[in-house]
$ cat final.cif   # mmCIF, C-alpha atoms
data_entry
#
loop_
_atom_site.label_atom_id
_atom_site.label_comp_id
_atom_site.auth_asym_id
_atom_site.auth_seq_id
_atom_site.Cartn_x
_atom_site.Cartn_y
_atom_site.Cartn_z
CA MET N 1 -7.18 13.13 21.17
CA LYS N 2 -4.64 15.49 19.71
CA ARG N 3 -5.43 19.06 18.66
CA LYS N 4 -6.66 19.23 15.04
CA ASN N 5 -5.53 21.83 12.53
CA VAL N 6 -8.20 24.24 11.33
CA PHE N 7 -7.81 23.35 7.66
CA PHE N 8 -8.27 19.66 8.41
CA GLU N 9 -11.40 20.26 10.50
CA ALA N 10 -12.90 22.40 7.74
CA GLY N 11 -12.08 19.72 5.19
CA ILE N 12 -13.68 17.02 7.36
CA LEU N 13 -16.88 19.04 7.59
CA LEU N 14 -16.99 19.55 3.81
CA LEU N 15 -16.23 15.91 3.08
CA SER N 16 -18.89 14.77 5.53
CA LEU N 17 -21.49 16.95 3.82
CA LEU N 18 -20.50 15.60 0.42
CA LEU N 19 -20.70 12.00 1.60
CA LEU N 20 -23.83 12.40 3.76
CA PRO N 21 -26.28 10.95 1.19
CA GLY N 22 -24.26 7.73 1.17
CA LEU N 23 -24.02 7.27 4.92
CA VAL N 24 -27.06 5.02 5.01
CA GLY N 25 -27.57 1.74 3.28
CA CYS N 26 -26.62 -1.86 3.51
CA GLY N 27 -24.27 -4.29 1.82
CA VAL N 28 -20.53 -4.09 1.36
CA ASN N 29 -20.80 -1.32 -1.24
CA SER N 30 -22.73 1.11 0.96
CA ASP N 31 -20.77 4.21 1.89
CA LEU N 32 -20.76 3.70 5.66
CA LYS N 33 -22.70 1.23 7.72
CA ALA N 34 -22.80 -0.77 10.90
CA THR N 35 -22.32 -4.50 10.59
CA THR N 36 -25.95 -5.31 11.22
CA THR N 37 -28.87 -4.52 8.90
CA PRO N 38 -32.41 -3.61 10.03
CA THR N 39 -34.35 -6.64 11.25
CA PRO N 40 -38.07 -7.34 10.84
CA THR N 41 -40.23 -5.92 13.61
CA SER N 42 -41.18 -9.41 14.73
CA THR N 43 -37.55 -10.25 15.45
CA PRO N 44 -35.85 -8.91 18.60
CA PRO N 45 -33.21 -6.29 17.76
CA ILE N 46 -29.61 -7.45 17.72
CA THR N 47 -26.92 -5.42 19.41
CA PRO N 48 -23.77 -5.67 17.27
CA THR N 49 -20.68 -6.68 19.24
CA PRO N 50 -18.47 -5.09 18.27
CA THR N 51 -19.85 -2.40 15.98
CA TYR N 52 -17.59 -1.64 13.06
CA PHE N 53 -17.74 0.36 9.88
CA VAL N 54 -17.36 -0.64 6.27
CA ILE N 55 -15.80 2.16 4.27
CA GLN N 56 -16.49 2.49 0.56
CA ARG N 57 -13.70 2.68 -2.01
CA ALA N 58 -14.84 6.12 -3.12
CA GLN N 59 -14.57 7.49 0.40
CA VAL N 60 -10.93 6.48 0.72
CA LEU N 61 -9.94 7.66 -2.76
CA ASP N 62 -11.89 10.91 -2.47
CA PHE N 63 -10.32 11.75 0.88
CA ILE N 64 -6.79 11.06 -0.36
CA THR N 65 -7.54 13.11 -3.48
CA SER N 66 -8.88 15.99 -1.39
CA LEU N 67 -5.64 16.10 0.60
CA SER N 68 -3.43 15.89 -2.47
CA THR N 69 -5.23 18.58 -4.44
CA ALA N 70 -6.00 21.06 -1.65
CA SER N 71 -4.91 24.62 -2.36
CA VAL N 72 -3.70 24.90 1.26
CA PHE N 73 -1.90 22.02 3.00
CA ARG N 74 -4.46 20.14 5.10
CA GLY N 75 -2.46 17.23 6.40
CA VAL N 76 -0.91 13.87 5.54
CA ILE N 77 -1.97 10.33 6.53
CA SER N 78 0.53 8.28 8.54
CA GLY N 79 1.32 4.69 7.61
CA GLN N 80 3.36 1.68 8.68
CA ASN N 81 4.07 -1.60 6.88
CA SER N 82 4.04 -4.70 9.07
CA GLY N 83 5.75 -7.52 7.21
CA HIS N 84 5.17 -10.00 4.38
CA GLY N 85 2.28 -12.44 4.26
CA ASP N 86 1.54 -13.98 7.63
CA GLU N 87 4.67 -12.42 9.12
CA ILE N 88 2.20 -9.75 10.21
CA THR N 89 1.06 -12.25 12.86
CA ASP N 90 4.62 -12.71 14.18
CA ASP N 91 5.93 -11.26 17.43
CA ALA N 92 9.48 -10.86 16.11
CA TYR N 93 10.85 -7.44 17.00
CA TYR N 94 11.46 -6.39 13.42
CA ARG N 95 8.07 -7.21 11.90
CA GLY N 96 4.48 -7.97 12.72
CA TYR N 97 1.40 -6.19 14.01
CA ARG N 98 2.40 -6.57 17.64
CA THR N 99 5.83 -5.00 17.23
CA MET N 100 5.14 -2.50 14.43
CA ILE N 101 1.59 -1.29 15.22
CA GLU N 102 0.60 -2.13 18.79
CA ALA N 103 4.00 -1.13 20.13
CA LEU N 104 3.70 2.15 18.24
CA TYR N 105 0.34 2.79 19.90
CA GLU N 106 1.78 1.98 23.31
CA LYS N 107 4.62 4.43 22.66
CA THR N 108 2.60 7.28 21.14
CA GLY N 109 -1.08 6.79 21.93
CA GLU N 110 -1.85 6.83 18.19
CA TRP N 111 -2.69 4.22 15.56
CA PRO N 112 -1.26 4.89 12.07
CA GLY N 113 -3.85 5.76 9.46
CA ILE N 114 -2.56 3.11 7.04
CA ILE N 115 -1.39 -0.42 7.83
CA GLY N 116 0.49 -2.33 5.15
CA ASP N 117 1.42 -5.90 4.28
CA ASP N 118 3.37 -7.34 1.34
CA TYR N 119 1.65 -10.46 0.02
CA GLU N 120 4.92 -11.96 -1.20
CA TRP N 121 8.69 -11.03 -1.35
CA SER N 122 10.04 -13.28 1.41
CA ARG N 123 8.19 -16.37 0.11
CA SER N 124 5.11 -17.35 -1.88
CA PHE N 125 2.57 -17.63 0.92
CA THR N 126 -0.17 -20.24 0.81
CA PRO N 127 -3.85 -19.20 0.74
CA VAL N 128 -4.13 -20.21 4.40
CA GLN N 129 -1.16 -18.02 5.34
CA LEU N 130 -2.61 -15.06 3.43
CA SER N 131 -5.94 -15.62 5.18
CA ASP N 132 -4.16 -15.41 8.52
CA ALA N 133 -2.66 -12.10 7.42
CA ASN N 134 -6.07 -10.91 6.23
CA ASN N 135 -7.58 -11.49 9.65
CA VAL N 136 -5.26 -8.82 11.04
CA LEU N 137 -5.96 -6.45 8.16
CA ILE N 138 -9.72 -6.91 8.38
CA SER N 139 -9.70 -6.10 12.09
CA TYR N 140 -7.73 -2.94 11.43
CA ALA N 141 -10.05 -1.85 8.63
CA ARG N 142 -13.09 -2.50 10.82
CA ALA N 143 -11.54 -0.20 13.41
CA GLY N 144 -11.46 2.50 10.72
CA GLY N 145 -7.94 2.14 9.29
CA ILE N 146 -6.81 2.03 5.66
CA VAL N 147 -5.15 -1.11 4.27
CA MET N 148 -2.29 -1.16 1.75
CA ILE N 149 -1.24 -4.39 0.03
CA THR N 150 2.07 -4.59 -1.82
CA LEU N 151 2.75 -7.43 -4.25
CA THR N 152 6.47 -8.14 -4.72
CA PRO N 153 6.14 -11.36 -6.71
CA GLN N 154 8.73 -14.08 -6.84
CA ASN N 155 9.91 -15.16 -10.26
CA PRO N 156 7.27 -17.34 -12.01
CA TRP N 157 9.88 -18.73 -14.41
CA LEU N 158 11.68 -20.26 -11.42
CA ASN N 159 8.75 -21.35 -9.22
CA ASP N 160 5.65 -22.69 -10.97
CA GLU N 161 3.58 -22.54 -7.72
CA ILE N 162 2.34 -26.11 -8.09
CA ASP N 163 3.42 -27.00 -4.53
CA LEU N 164 3.96 -23.95 -2.33
CA THR N 165 3.97 -26.01 0.85
CA SER N 166 7.12 -27.86 -0.20
CA ASN N 167 8.56 -25.12 -2.38
CA PRO N 168 7.57 -21.66 -1.13
CA GLY N 169 10.75 -19.97 -2.35
CA SER N 170 12.63 -17.31 -0.41
CA TRP N 171 13.74 -13.72 -0.78
CA GLU N 172 17.35 -14.79 -1.30
CA GLY N 173 16.79 -17.86 -3.45
CA PRO N 174 17.10 -18.16 -7.23
CA GLU N 175 13.34 -17.63 -7.57
CA SER N 176 13.34 -14.37 -5.60
CA ALA N 177 11.95 -11.06 -6.80
CA LEU N 178 15.57 -9.94 -7.15
CA SER N 179 16.34 -12.59 -9.78
CA GLY N 180 16.39 -12.06 -13.54
CA LEU N 181 14.56 -13.44 -16.54
CA PRO N 182 15.95 -16.57 -18.19
CA SER N 183 17.89 -16.04 -21.39
CA GLY N 184 15.54 -15.25 -24.27
CA ALA N 185 12.52 -14.71 -22.02
CA SER N 186 10.21 -11.72 -22.21
CA LEU N 187 7.67 -10.27 -19.82
CA ASP N 188 5.19 -10.73 -22.66
CA ASP N 189 5.55 -14.50 -22.12
CA LEU N 190 3.43 -14.06 -18.98
CA LEU N 191 0.51 -13.15 -21.23
CA ASN N 192 1.05 -15.85 -23.85
CA PRO N 193 -0.96 -19.04 -23.16
CA GLU N 194 1.47 -21.00 -25.32
CA LYS N 195 4.32 -20.31 -22.90
CA PRO N 196 4.67 -22.54 -19.79
CA VAL N 197 5.30 -19.51 -17.58
CA HIS N 198 1.82 -18.20 -18.39
CA ALA N 199 0.21 -20.99 -16.35
CA ALA N 200 2.55 -20.31 -13.42
CA TRP N 201 1.77 -16.60 -13.58
CA MET N 202 -1.97 -17.21 -13.63
CA ARG N 203 -1.67 -19.53 -10.63
CA LYS N 204 0.04 -16.68 -8.79
CA LEU N 205 -2.59 -14.13 -9.83
CA ASP N 206 -5.42 -16.45 -8.82
CA ARG N 207 -3.83 -17.04 -5.40
CA ILE N 208 -3.37 -13.31 -4.83
CA ALA N 209 -6.85 -12.54 -6.15
CA GLY N 210 -8.31 -15.07 -3.72
CA ALA N 211 -6.73 -13.24 -0.79
CA LEU N 212 -7.91 -9.88 -2.12
CA GLN N 213 -11.42 -11.32 -2.54
CA GLU N 214 -11.44 -12.19 1.15
CA LEU N 215 -10.78 -8.55 1.91
CA ARG N 216 -13.45 -7.44 -0.54
CA ASP N 217 -16.01 -9.81 0.96
CA ALA N 218 -15.19 -8.35 4.39
CA GLY N 219 -15.78 -4.84 3.04
CA VAL N 220 -12.12 -3.82 3.10
CA VAL N 221 -10.87 -1.21 0.65
CA VAL N 222 -7.28 -1.86 -0.46
CA LEU N 223 -4.56 0.46 -1.71
CA PHE N 224 -3.11 -2.13 -4.08
CA ARG N 225 0.52 -1.65 -5.07
CA PRO N 226 1.76 -4.39 -7.41
CA MET N 227 5.26 -4.85 -8.87
CA GLN N 228 6.77 -1.67 -7.46
CA GLU N 229 10.04 0.03 -8.46
CA MET N 230 9.56 -1.13 -12.02
CA ASN N 231 11.64 1.77 -13.35
CA CYS N 232 14.82 0.28 -11.83
CA SER N 233 17.05 -2.69 -12.50
CA TRP N 234 16.88 -4.92 -9.42
CA TYR N 235 13.55 -6.78 -9.83
CA TRP N 236 12.87 -9.38 -12.53
CA TRP N 237 10.09 -7.14 -13.97
CA GLY N 238 12.35 -4.06 -13.95
CA ILE N 239 14.30 -2.35 -16.70
CA SER N 240 16.90 -5.12 -16.94
CA SER N 241 14.24 -7.26 -18.62
CA HIS N 242 13.51 -4.64 -21.30
CA PRO N 243 16.01 -1.79 -20.94
CA SER N 244 14.84 0.21 -23.94
CA ASP N 245 11.11 -0.56 -23.99
CA PRO N 246 8.57 -0.02 -21.19
CA GLY N 247 5.87 -1.74 -23.25
CA PRO N 248 6.17 -5.28 -21.82
CA PHE N 249 5.80 -4.09 -18.21
CA ILE N 250 2.89 -1.84 -19.14
CA ARG N 251 1.10 -4.72 -20.86
CA VAL N 252 1.60 -7.01 -17.85
CA TYR N 253 0.35 -4.35 -15.43
CA ARG N 254 -2.70 -3.57 -17.56
CA ALA N 255 -3.54 -7.26 -17.99
CA MET N 256 -3.36 -7.76 -14.20
CA HIS N 257 -5.60 -4.74 -13.67
CA ASP N 258 -8.18 -5.97 -16.17
CA TYR N 259 -8.10 -9.55 -14.87
CA PHE N 260 -8.56 -8.52 -11.26
CA THR N 261 -11.22 -5.95 -12.11
CA ASN N 262 -13.26 -7.69 -14.81
CA GLU N 263 -12.72 -11.39 -14.19
CA LYS N 264 -12.31 -11.41 -10.41
CA GLY N 265 -14.65 -8.53 -9.60
CA LEU N 266 -12.18 -6.81 -7.27
CA ASP N 267 -13.94 -3.46 -7.12
CA ASN N 268 -12.40 -2.77 -3.70
CA LEU N 269 -8.93 -2.03 -5.12
CA ILE N 270 -7.41 1.43 -5.45
CA TRP N 271 -4.56 0.94 -7.92
CA VAL N 272 -1.25 2.48 -6.85
CA TYR N 273 1.60 3.01 -9.33
CA SER N 274 4.80 2.91 -7.28
CA PRO N 275 8.11 3.65 -9.05
CA SER N 276 11.40 4.15 -7.25
CA SER N 277 12.94 7.54 -6.74
CA THR N 278 15.63 8.23 -9.33
CA TYR N 279 17.67 10.14 -6.72
CA GLY N 280 18.75 12.76 -9.23
CA TYR N 281 20.46 10.32 -11.61
CA ASN N 282 20.50 11.02 -15.32
CA THR N 283 17.89 8.52 -16.41
CA GLN N 284 18.84 8.92 -20.07
CA THR N 285 22.23 7.30 -19.50
CA SER N 286 21.80 5.28 -16.29
CA SER N 287 21.79 1.48 -16.41
CA VAL N 288 19.93 1.41 -13.09
CA PHE N 289 17.15 4.00 -13.32
CA ARG N 290 14.52 5.22 -15.76
CA ALA N 291 12.27 8.20 -15.17
CA VAL N 292 9.37 7.62 -12.77
CA ASP N 293 6.86 8.06 -15.60
CA TRP N 294 8.70 5.77 -18.07
CA THR N 295 6.60 2.70 -17.26
CA TYR N 296 3.35 4.55 -16.44
CA PRO N 297 0.43 2.30 -17.47
CA GLY N 298 -1.95 5.20 -18.16
CA ASP N 299 -4.59 7.17 -16.30
CA ASP N 300 -7.26 4.50 -16.78
CA TYR N 301 -5.11 1.98 -14.91
CA VAL N 302 -3.82 4.11 -12.04
CA ASP N 303 -5.71 5.82 -9.22
CA ILE N 304 -2.78 7.06 -7.11
CA ILE N 305 0.94 7.56 -7.68
CA ALA N 306 3.01 6.67 -4.61
CA GLY N 307 6.68 5.98 -5.24
CA THR N 308 9.40 4.77 -2.92
CA ASN N 309 11.97 7.19 -1.52
CA TYR N 310 14.88 6.64 0.86
CA ALA N 311 17.11 9.66 1.49
CA ASP N 312 18.74 10.91 4.69
CA ASP N 313 17.58 14.47 4.01
CA MET N 314 14.08 13.17 3.13
CA SER N 315 14.29 14.85 -0.29
CA ILE N 316 12.01 13.65 -3.11
CA SER N 317 13.90 14.50 -6.27
CA ASP N 318 11.07 13.36 -8.59
CA TYR N 319 8.35 15.44 -6.91
CA PRO N 320 7.90 17.87 -9.85
CA VAL N 321 7.43 14.93 -12.23
CA TYR N 322 4.91 13.34 -9.90
CA VAL N 323 2.92 16.57 -9.70
CA ASN N 324 2.85 16.92 -13.48
CA MET N 325 1.46 13.40 -13.85
CA GLY N 326 -1.84 14.71 -12.52
CA LYS N 327 -2.84 11.98 -10.03
CA PRO N 328 -3.22 12.04 -6.23
CA LEU N 329 0.16 11.49 -4.60
CA GLY N 330 1.59 9.50 -1.71
CA ILE N 331 4.91 7.95 -0.74
CA ALA N 332 4.51 4.20 -0.33
CA GLU N 333 7.96 3.73 1.27
CA TYR N 334 9.51 6.77 2.92
CA GLY N 335 12.60 6.93 5.05
CA PRO N 336 16.30 7.67 5.27
CA SER N 337 19.08 5.58 3.80
CA ASP N 338 22.02 4.93 6.16
CA VAL N 339 20.59 6.49 9.31
CA ALA N 340 17.84 3.87 9.60
CA LYS N 341 20.37 1.13 10.36
CA SER N 342 21.02 2.44 13.85
CA GLY N 343 17.51 3.57 14.81
CA THR N 344 18.62 7.20 15.22
CA TRP N 345 16.33 8.64 12.54
CA ASP N 346 14.36 11.67 13.80
CA THR N 347 10.93 10.74 12.46
CA SER N 348 9.48 14.13 13.42
CA ARG N 349 11.20 15.45 10.30
CA ILE N 350 8.66 13.64 8.11
CA ILE N 351 5.83 16.10 8.65
CA LYS N 352 8.10 19.13 8.40
CA ARG N 353 9.57 17.93 5.10
CA ILE N 354 6.22 17.08 3.53
CA GLN N 355 4.43 20.20 4.75
CA ASN N 356 7.19 22.60 3.71
CA ASP N 357 8.39 21.02 0.47
CA TYR N 358 5.98 18.36 -0.80
CA PRO N 359 2.44 19.47 0.12
CA ARG N 360 0.81 17.37 -2.61
CA ILE N 361 1.80 14.19 -0.74
CA ALA N 362 -1.39 12.87 0.91
CA PHE N 363 0.09 9.89 2.79
CA TRP N 364 3.34 8.19 3.61
CA VAL N 365 4.11 4.63 4.73
CA CYS N 366 7.26 3.59 6.60
CA TRP N 367 8.59 0.11 5.91
CA HIS N 368 8.95 -2.42 8.71
CA SER N 369 12.30 -3.02 10.35
CA TYR N 370 14.79 -5.77 9.54
CA PRO N 371 17.55 -7.20 11.70
CA GLY N 372 20.25 -4.55 11.50
CA SER N 373 18.01 -1.98 9.80
CA SER N 374 15.44 -0.03 11.78
CA TRP N 375 13.04 1.41 9.21
CA SER N 376 9.87 1.49 11.30
CA LEU N 377 8.46 4.44 13.21
CA VAL N 378 8.50 2.68 16.56
CA SER N 379 12.18 1.68 16.32
CA ASN N 380 13.35 5.25 15.67
CA LEU N 381 13.20 8.60 17.44
CA ASN N 382 10.34 10.99 18.15
CA ALA N 383 7.42 9.01 16.74
CA ASP N 384 5.33 10.46 19.57
CA ILE N 385 6.12 14.00 18.41
CA LEU N 386 5.41 13.10 14.79
CA LEU N 387 2.05 11.45 15.36
CA ALA N 388 0.92 14.19 17.76
CA ASP N 389 1.47 16.86 15.13
CA PRO N 390 -1.90 18.45 14.19
CA PHE N 391 -1.15 17.98 10.49
CA VAL N 392 -0.55 14.22 10.81
CA ILE N 393 -3.73 12.22 10.19
CA ASN N 394 -3.79 9.00 12.19
CA ARG N 395 -6.48 6.32 12.25
CA ASP N 396 -8.74 8.10 14.71
CA ASP N 397 -8.44 11.31 12.68
CA LEU N 398 -9.79 9.83 9.45
CA PRO N 399 -13.13 11.47 8.60
CA TRP N 400 -15.25 8.33 8.96
CA ASN N 401 -13.89 7.81 12.51
CA ILE N 402 -14.57 11.26 13.91
CA LYS N 403 -17.48 11.13 16.30
#
$ encode --input "final.cif" --output "structure tokens"
Amino acid sequence: MKRKNVFFEAGILLLSLLLLPGLVGCGVNSDLKATTTPTPTSTPPITPTPTYFVIQRAQVLDFITSLSTASVFRGVISGQNSGHGDEITDDAYYRGYRTMIEALYEKTGEWPGIIGDDYEWSRSFTPVQLSDANNVLISYARAGGIVMITLTPQNPWLNDEIDLTSNPGSWEGPESALSGLPSGASLDDLLNPEKPVHAAWMRKLDRIAGALQELRDAGVVVLFRPMQEMNCSWYWWGISSHPSDPGPFIRVYRAMHDYFTNEKGLDNLIWVYSPSSTYGYNTQTSSVFRAVDWTYPGDDYVDIIAGTNYADDMSISDYPVYVNMGKPLGIAEYGPSDVAKSGTWDTSRIIKRIQNDYPRIAFWVCWHSYPGSSWSLVSNLNADILLADPFVINRDDLPWNIK
């Protein structure tokens, strides 16, 4: 176990005292519990094998908030994405739990605090494939880790989801997330039952909700990050669809939030608003970027703001705007630009950059690697130094895991 920083230890003690009344109870919504519940005295006691913990949504959100709002920097949670859909079960070198997470542990002796998976992007995964991915995520959560789910949806105008087995789509196909809206189409069509695309969109939401319900039923809290980088031009839901009006995206985001929350009962989700960095561009004149707060759905629909940021000097040009938005902060995709292609990125710079310049950032997540692009922690330099830093909070350092 690495040496803890004094501020983090003090914060853990305070948080534990605050959460102590909720540390007993049963059911998925209890604050912290073993998998078994008390048995009648006439029944022999059952020894749980293995014992695991179910963490409540409030515990995760409160801890992230406490890091982001601390008057003195207390630390930042490490994170690593592991692929799309059931790619997390692959053994390919550039994606998957084995190569992104287990290999990182073998290299550093530490498990990242957050493990991520994108439920779409590379294809529209079937419910069975998403269940396979969930099995990995559930195991990690039961070991005390935090789960982040990204939703990079393929274009519902170009794949109606009636037969995903025969027509799953692909990241480079015409139905990809990088495609555009058909001529005359509007994001508002997704919400209009009279439009054919509405049925396709609802099929997608129901499929995704079903996978998220599996996580909820297993007691897994989810940092849920749908339709990211909406303030840029490259995704079908981005500014190219409505370059002068953020309203259509905001309405779609809010409708998804309300549907998942009220209709599907997904009370395990922590909603993450995740715009792209604007990299210092003039967002008043740019055809590619709008300000990070341009498409903000509102405080009632967002729990955490965690944008994406790729810069060789690790600079976050929008940090002052993020701070002024008044929500807990993270970075949902953090890394360099060109350096990552050769695997020569010095990852130990992450903690120095955040601690010295961006202390409101409570967590970061590195993306998984691709062929020719090494984005992950394990495929770059000095991950052992980074994760051993006393201000980096790994899985075993999360407050509910400290014995």
$ residues_around --input "final.cif" --residues "Val222 (chain N)" --least-positions-apart "3" --cutoff "6 Å" --atoms "only C-alpha atoms" --output "compact mmCIF listing (two decimals) with C-alpha atoms, in the coordinates of the input"
# COMPACT_ATOMS: atom_id res chain seq x y z
CA VAL N 147 -5.15 -1.11 4.27
CA MET N 148 -2.29 -1.16 1.75
CA LEU N 269 -8.93 -2.03 -5.12
CA ILE N 270 -7.41 1.43 -5.45
$ residues_near_point --input "final.cif" --point "(20.3, -1.1, 12.0)" --cutoff "12 Å" --atoms "only C-alpha atoms" --output "list in words"
Tyr94, Pro336, Ser337, Asp338, Val339, Ala340, Lys341, Ser342, Gly343, Thr344, Trp345, His368, Ser369, Tyr370, Pro371, Gly372, Ser373, Ser374, Trp375, Ser376, Ser379 and Asn380 of chain N
$ atom_distance --input "final.cif" --atom1 "CA of Ser166 (chain N)" --atom2 "CA of Met227 (chain N)"
24.7 Å
$ atom_distance --input "final.cif" --atom1 "CA of Asp293 (chain N)" --atom2 "CA of Phe224 (chain N)"
18.3 Å
$ atom_distance --input "final.cif" --atom1 "CA of Ser286 (chain N)" --atom2 "CA of Cys232 (chain N)"
9.7 Å
$ resolve_selection --input "final.cif" --expression "the PyMOL selection byres ((chain N and resi 78) around 8)" --output "list in words"
Val76, Ile77, Gly79, Gln80, Pro112, Gly113, Ile114, Phe363, Trp364, Val365, Leu387, Val392, Ile393 and Asn394 of chain N
$ write_last_selection --input "final.cif" --atoms "C-alpha atoms" --output "CSV table (one decimal), in the coordinates of the input"
chain,number,residue,atom,x,y,z
N,76,VAL,CA,-0.9,13.9,5.5
N,77,ILE,CA,-2.0,10.3,6.5
N,79,GLY,CA,1.3,4.7,7.6
N,80,GLN,CA,3.4,1.7,8.7
N,112,PRO,CA,-1.3,4.9,12.1
N,113,GLY,CA,-3.8,5.8,9.5
N,114,ILE,CA,-2.6,3.1,7.0
N,363,PHE,CA,0.1,9.9,2.8
N,364,TRP,CA,3.3,8.2,3.6
N,365,VAL,CA,4.1,4.6,4.7
N,387,LEU,CA,2.0,11.4,15.4
N,392,VAL,CA,-0.6,14.2,10.8
N,393,ILE,CA,-3.7,12.2,10.2
N,394,ASN,CA,-3.8,9.0,12.2
$ residues_around --input "final.cif" --residues "Ile250 (chain N)" --least-positions-apart "5" --cutoff "8 Å" --atoms "all atoms listed in the file" --output "VMD selection string"
chain N and resid 295 to 297
$ residues_around --input "final.cif" --residues "region 201-212 of chain N" --least-positions-apart "5" --cutoff "8 Å" --atoms "only C-alpha atoms" --output "number ranges by chain"
N: 119, 126-127, 130-131, 134, 156, 160-161, 190, 256, 260, 264, 266
$ closest_residue --input "final.cif" --among "N:Ser233, N:Asn268, N:Ser71, N:Thr285" --to "Leu181 (chain N)" --atoms "all atoms listed in the file"
N:Ser233
$ resolve_selection --input "final.cif" --expression "the PyMOL selection byres ((chain N and resi 105) around 12)" --output "ChimeraX atom specification"
/N:80,97-104,106-113,377-378,383-384,387-388,394-396
